[in-house]
Amino acid sequence: VLERETVEVLLVEDNLAEAELALHALKKSKVANHVLHVRDGAEALDYLFCRGEFSRRDAGVRPVLVLLDLKLPKVDGLQVLKQIKCEPRTKAIPVILLTSSKEESDMAAGYQLGVNSYIQKPVHYGEFQEVVRQLGMYWLLVNSKPPAAAFQRI
Amino acid sequence: MDFLRQVFGAGGFMPHGYCYMWNPGLVWLHVISDSLIALSYFTIPFTLLWFVRKRRELPFSRMFVLFGAFIVACGATHVMEVWNLWHAQYWLAGGLKAVTALASVATAILLVRLVPQALELPNLSDWAQANVALESEIHERRELEIDLRMSESRFREQAELLDLTHDAVIVRNLRDEITYWNHGAEELYGWRAEEILGKVTHELLRTVFPEELIEIEVETRERGSWEGELMHRRRDGSVVTVSSRWVLRRDAEGNPNGILESNRDISAKREAEESRRQSEERNHLNEIRFRLLIDAVKDYAIISLDANGLVTSWNSGAERMKGYAAEEMMGQHVSRLYRKEDIEHGQLDNELREAAAAGQVEREDWRVRKDGSQFWAEVATSALRDSGGELIGFVKIDRDITTRTAATKQIEALNLELTQRVDELRSVNRELESFSSSVSHDLRAPLRHVDGFARILKEEHSAKMTPEAIRYLDRILTAATHMGQLIDDLLNLAKIGRLELRRERSQIAWLVKQAIAELPAEAKERNIEWWVEPLPELNCDARLLKLIFANLLSNAVKFTRKQENAVIEVGSRVTDGQPTIFVRDNGVGFDMQYADKLFGVFQRLHRQEDFEGTGIGLATVQRIVRRHGGEIWAESKVNSGTTFFFTLGPRSEAPGKERATEIERA
């Protein structure tokens, strides 16, 4: 984990197999070269708010995109989402819920908390690869990143 | 003058007293006797004259006159005899005698001439006899007259009395012809006497006899009277029931000469009797019914008391509830049914006083059974009053509500339990939701990993693998796909059970069109002929209905796979008043003997290698149909295709009814 390096994608996923498949797909899509994988919600928040083991990192470095799983140990995905979206320093970071849950309640809660996108992971890996490629293309290349001003307290 | 002097003068003769030598005895004998004779002779003509004047019809009246003159003359001669005792007028006396002689001769001659006539007259004994006969006749007549007068007045009186009576009195002769018809008869039958005298009674009144007329007549003749009830017709045609009494009349010789019939209208009495009888019967029945009713009431003690609180009736419910038999309690005071302390507190007195004042009181209270045990009773006490408003007693209705109280408690307990159950169910439901969430997340995740890594292996490392290894990888990928499908289908099935049904008017044709459009790619790639008939608008949950079509149509696509000219048909018809939708294909079909397994979860009628599937689709369809209150069934034949039918309501319901309800709501 390179603290001072640019982080394009923050992948929050507790399941290693899941994470490996996602990383594999991202790598195959060739749109994200710098992906940081954290294993639970607490670690994700520590990173984003420069706390704990990330307390000495450069606060000016922000991920371009957060790929967030719902079911996470310690602090679950919706809690992480809520804290990101409540905090002016992180609010503008696009967050995508990438989950296998098809539960409407989860989807509704995510949107209410201000999630930027909600993606159900397809069972077939081929389809999953395609989805990852598309979202990487969109958020990292097509979409204009939020300017620095978007992260200041109003 | 001389002549006159000669006649009325003494003429020188000596008075006749000288002849008796003035012997006083002799003189006075002559004087008195002659005077008495003269007096008598003078009275007789007067009497005769009076008699003749009174009886002018008397025969020989001239004879009586002559006889009177003769007697007077005789009397005059005797007067002369007395006169001449002292006056010696013998010429006058002679002249008087001559007159008397003339009268005597004339009388004698006349008498002689009258004798033959007089002989014609009855002699004295005849007269006497005739007289006696006459007298007795006179007597008889007089008596008869009296009798007649009496009977006349009696008859008039009787007739008046008969007219006074309200009874119809009819007298008829032996030919039954009416000879008398009183006022009562006029009133009763409506004919006046003069209209019907001489008519035949039974014909006029169209009499209905209780027995044969001949028998009645025989009885009347033998016994002299008959009594019975008759039915008569009045002039206006109405029927009248009479109590009739017939009395045989006899003439003086004792021969029957008629019948007196006396009739009394008893129609009203009969009716009154009948209605009284009916009302008595009704009352009796009512009483029996009431008593049966009271006795049939087992769960209520129904007790009546007199004004002093002594028991006057005790039903079987009371026997059952209180343990006392009726005969034990009759006449006993009601207080023994109360707890001693309640009596001391005046509870019974209050209860009866309040009932008397308010008409009725209701309360809940303790009661004591014969065995001393107590029960909680619901009590209604009503005051009984006679028509004058005087309190005559009470009716008490008690009900043992100990069990009801217990039941209430039980219901409360059950309610509590139910609430707990509902809470439990809610938490179970929540668990179920989190379970399905887990299933959708946690089960799917490893599956995706299996599929993901197998695919990476196959795509990126197959160059280094034997064909057999690659075949195994394919098996892994197929299994993963199938399991993904199973999970999705099971989640769907579970979701339908939980889902709230949202009915709305839906165009079925539109839902079918959507379902067809969303079918797997195979449907478009193959050459399938679609026949979709016009379909009705139904009140249903469109999301679920679409799911039905998605399942049935994908089944149809799947099972026509081996058919070169696949035809899939969707249509509707009305069966038993209910719109029935059907989906028909000309695919492989199935053996109807397994039809009962068709809608079971995980039940499949085809091998996986022939037709893939999870065995959940039709179970899902059935669940949706049933949630709509409808039915689903299938008809099929191996290699001849299958038709699925479904309704969205019970098949007996009329088709217009739903629409009518809709219109009402609108």
# chains A, B, ... in the order shown; residues from 1 in each chain; ligands from 1
>>> closest_atom_pairs(of="chain A", to="chain B", cutoff="9 Å", atoms="only C-alpha atoms", output="CSV")
residue,atom,partner,partner_atom,distance
A:Ala17,CA,B:His449,CA,6.5
A:Glu18,CA,B:His449,CA,6.6
A:Leu21,CA,B:Gly452,CA,6.8
A:Lys71,CA,B:His441,CA,8.5
A:Thr99,CA,B:His441,CA,7.7
A:Ser100,CA,B:His441,CA,5.1
A:Ser101,CA,B:His441,CA,4.8
A:Lys102,CA,B:Ser440,CA,6.6
A:Glu103,CA,B:Ser437,CA,6.3
A:Lys121,CA,B:Arg448,CA,8.7
A:Pro122,CA,B:Arg448,CA,7.8
A:Val123,CA,B:Arg448,CA,5.0
A:His124,CA,B:Asp451,CA,6.3
A:Tyr125,CA,B:Gly452,CA,4.4
A:Gly126,CA,B:Arg455,CA,7.5
A:Phe128,CA,B:Gly452,CA,8.6
>>> write_last_selection(atoms="all heavy atoms", output="short mmCIF file (atom, residue, chain, number, x, y, z; two decimals), in the first residue's frame")
data_model
loop_
_atom_site.label_atom_id
_atom_site.label_comp_id
_atom_site.auth_asym_id
_atom_site.auth_seq_id
_atom_site.Cartn_x
_atom_site.Cartn_y
_atom_site.Cartn_z
N ALA A 17 -11.63 -13.41 -2.24
CA ALA A 17 -11.93 -13.94 -3.57
C ALA A 17 -12.66 -12.90 -4.39
O ALA A 17 -12.36 -12.68 -5.58
CB ALA A 17 -12.80 -15.20 -3.43
N GLU A 18 -13.60 -12.26 -3.72
CA GLU A 18 -14.38 -11.22 -4.37
C GLU A 18 -13.45 -10.08 -4.84
O GLU A 18 -13.54 -9.60 -5.96
CB GLU A 18 -15.41 -10.68 -3.36
CG GLU A 18 -16.51 -9.83 -4.00
CD GLU A 18 -17.46 -10.63 -4.86
OE1 GLU A 18 -17.95 -11.67 -4.40
OE2 GLU A 18 -17.69 -10.23 -6.02
N LEU A 21 -11.31 -11.07 -7.78
CA LEU A 21 -12.05 -11.05 -9.05
C LEU A 21 -12.25 -9.63 -9.54
O LEU A 21 -12.11 -9.33 -10.72
CB LEU A 21 -13.41 -11.76 -8.88
CG LEU A 21 -13.37 -13.29 -8.82
CD1 LEU A 21 -14.77 -13.83 -8.50
CD2 LEU A 21 -12.86 -13.90 -10.12
N LYS A 71 -22.03 -5.65 2.61
CA LYS A 71 -21.81 -6.44 3.82
C LYS A 71 -20.34 -6.40 4.20
O LYS A 71 -19.52 -7.03 3.55
CB LYS A 71 -22.23 -7.89 3.56
CG LYS A 71 -23.70 -8.06 3.26
CD LYS A 71 -24.50 -8.28 4.54
CE LYS A 71 -26.00 -8.16 4.32
NZ LYS A 71 -26.57 -9.26 3.55
N THR A 99 -22.57 -4.69 -5.33
CA THR A 99 -23.01 -5.71 -4.38
C THR A 99 -23.76 -6.83 -5.07
O THR A 99 -24.28 -6.66 -6.18
CB THR A 99 -23.91 -5.07 -3.29
OG1 THR A 99 -24.45 -6.08 -2.49
CG2 THR A 99 -25.05 -4.28 -3.92
N SER A 100 -23.85 -7.96 -4.42
CA SER A 100 -24.64 -9.07 -4.99
C SER A 100 -26.08 -9.02 -4.46
O SER A 100 -26.92 -9.81 -4.87
CB SER A 100 -23.98 -10.41 -4.65
OG SER A 100 -23.68 -10.46 -3.28
N SER A 101 -26.36 -8.09 -3.56
CA SER A 101 -27.71 -8.01 -3.00
C SER A 101 -28.70 -7.44 -4.01
O SER A 101 -28.47 -6.42 -4.63
CB SER A 101 -27.70 -7.13 -1.76
OG SER A 101 -29.01 -6.85 -1.37
N LYS A 102 -29.84 -8.16 -4.12
CA LYS A 102 -30.91 -7.64 -4.98
C LYS A 102 -32.04 -7.08 -4.12
O LYS A 102 -33.12 -6.79 -4.62
CB LYS A 102 -31.46 -8.78 -5.85
CG LYS A 102 -30.61 -9.02 -7.10
CD LYS A 102 -31.32 -10.04 -7.98
CE LYS A 102 -30.59 -10.17 -9.31
NZ LYS A 102 -31.24 -11.14 -10.19
N GLU A 103 -31.79 -6.97 -2.80
CA GLU A 103 -32.84 -6.49 -1.91
C GLU A 103 -33.17 -5.04 -2.18
O GLU A 103 -32.30 -4.18 -2.20
CB GLU A 103 -32.40 -6.66 -0.45
CG GLU A 103 -32.43 -8.10 0.03
CD GLU A 103 -33.84 -8.69 0.01
OE1 GLU A 103 -34.74 -8.06 0.60
OE2 GLU A 103 -34.03 -9.76 -0.62
N LYS A 121 -23.91 -7.16 -8.85
CA LYS A 121 -22.88 -7.94 -9.53
C LYS A 121 -23.52 -9.13 -10.23
O LYS A 121 -24.19 -9.94 -9.61
CB LYS A 121 -21.83 -8.44 -8.52
CG LYS A 121 -20.91 -7.32 -8.04
CD LYS A 121 -19.82 -7.83 -7.12
CE LYS A 121 -20.28 -7.87 -5.67
NZ LYS A 121 -19.13 -8.07 -4.74
N PRO A 122 -23.33 -9.30 -11.55
CA PRO A 122 -23.90 -10.46 -12.25
C PRO A 122 -23.23 -11.73 -11.78
O PRO A 122 -22.07 -11.72 -11.35
CB PRO A 122 -23.57 -10.20 -13.71
CG PRO A 122 -23.15 -8.77 -13.78
CD PRO A 122 -22.58 -8.43 -12.46
N VAL A 123 -24.00 -12.83 -11.82
CA VAL A 123 -23.46 -14.12 -11.40
C VAL A 123 -22.31 -14.55 -12.34
O VAL A 123 -21.29 -15.05 -11.89
CB VAL A 123 -24.57 -15.17 -11.36
CG1 VAL A 123 -23.99 -16.55 -11.05
CG2 VAL A 123 -25.62 -14.79 -10.35
N HIS A 124 -22.53 -14.31 -13.63
CA HIS A 124 -21.50 -14.74 -14.59
C HIS A 124 -20.34 -13.78 -14.60
O HIS A 124 -20.52 -12.58 -14.74
CB HIS A 124 -22.11 -14.87 -15.98
CG HIS A 124 -23.16 -15.94 -16.06
ND1 HIS A 124 -22.84 -17.28 -15.99
CD2 HIS A 124 -24.50 -15.88 -16.16
CE1 HIS A 124 -23.93 -17.99 -16.05
NE2 HIS A 124 -24.97 -17.17 -16.15
N TYR A 125 -19.19 -14.35 -14.48
CA TYR A 125 -17.99 -13.52 -14.41
C TYR A 125 -17.77 -12.71 -15.67
O TYR A 125 -17.38 -11.55 -15.61
CB TYR A 125 -16.76 -14.40 -14.11
CG TYR A 125 -15.51 -13.58 -13.93
CD1 TYR A 125 -15.41 -12.72 -12.82
CD2 TYR A 125 -14.46 -13.62 -14.86
CE1 TYR A 125 -14.27 -11.95 -12.65
CE2 TYR A 125 -13.33 -12.84 -14.69
CZ TYR A 125 -13.24 -12.00 -13.58
OH TYR A 125 -12.13 -11.22 -13.41
N GLY A 126 -18.10 -13.27 -16.80
CA GLY A 126 -17.95 -12.56 -18.08
C GLY A 126 -18.74 -11.27 -18.05
O GLY A 126 -18.27 -10.20 -18.44
N PHE A 128 -19.75 -9.72 -15.37
CA PHE A 128 -19.17 -8.87 -14.33
C PHE A 128 -18.00 -8.06 -14.89
O PHE A 128 -17.91 -6.86 -14.68
CB PHE A 128 -18.72 -9.74 -13.15
CG PHE A 128 -18.06 -8.98 -12.05
CD1 PHE A 128 -18.76 -8.06 -11.27
CD2 PHE A 128 -16.69 -9.16 -11.78
CE1 PHE A 128 -18.12 -7.36 -10.26
CE2 PHE A 128 -16.05 -8.44 -10.76
CZ PHE A 128 -16.78 -7.55 -10.00
#
>>> select_by_dssp(residues="region 54-139 of chain A", states="helix (DSSP H, G or I)", output="ChimeraX atom specification")
/A:54,77-86,104-112,125-139
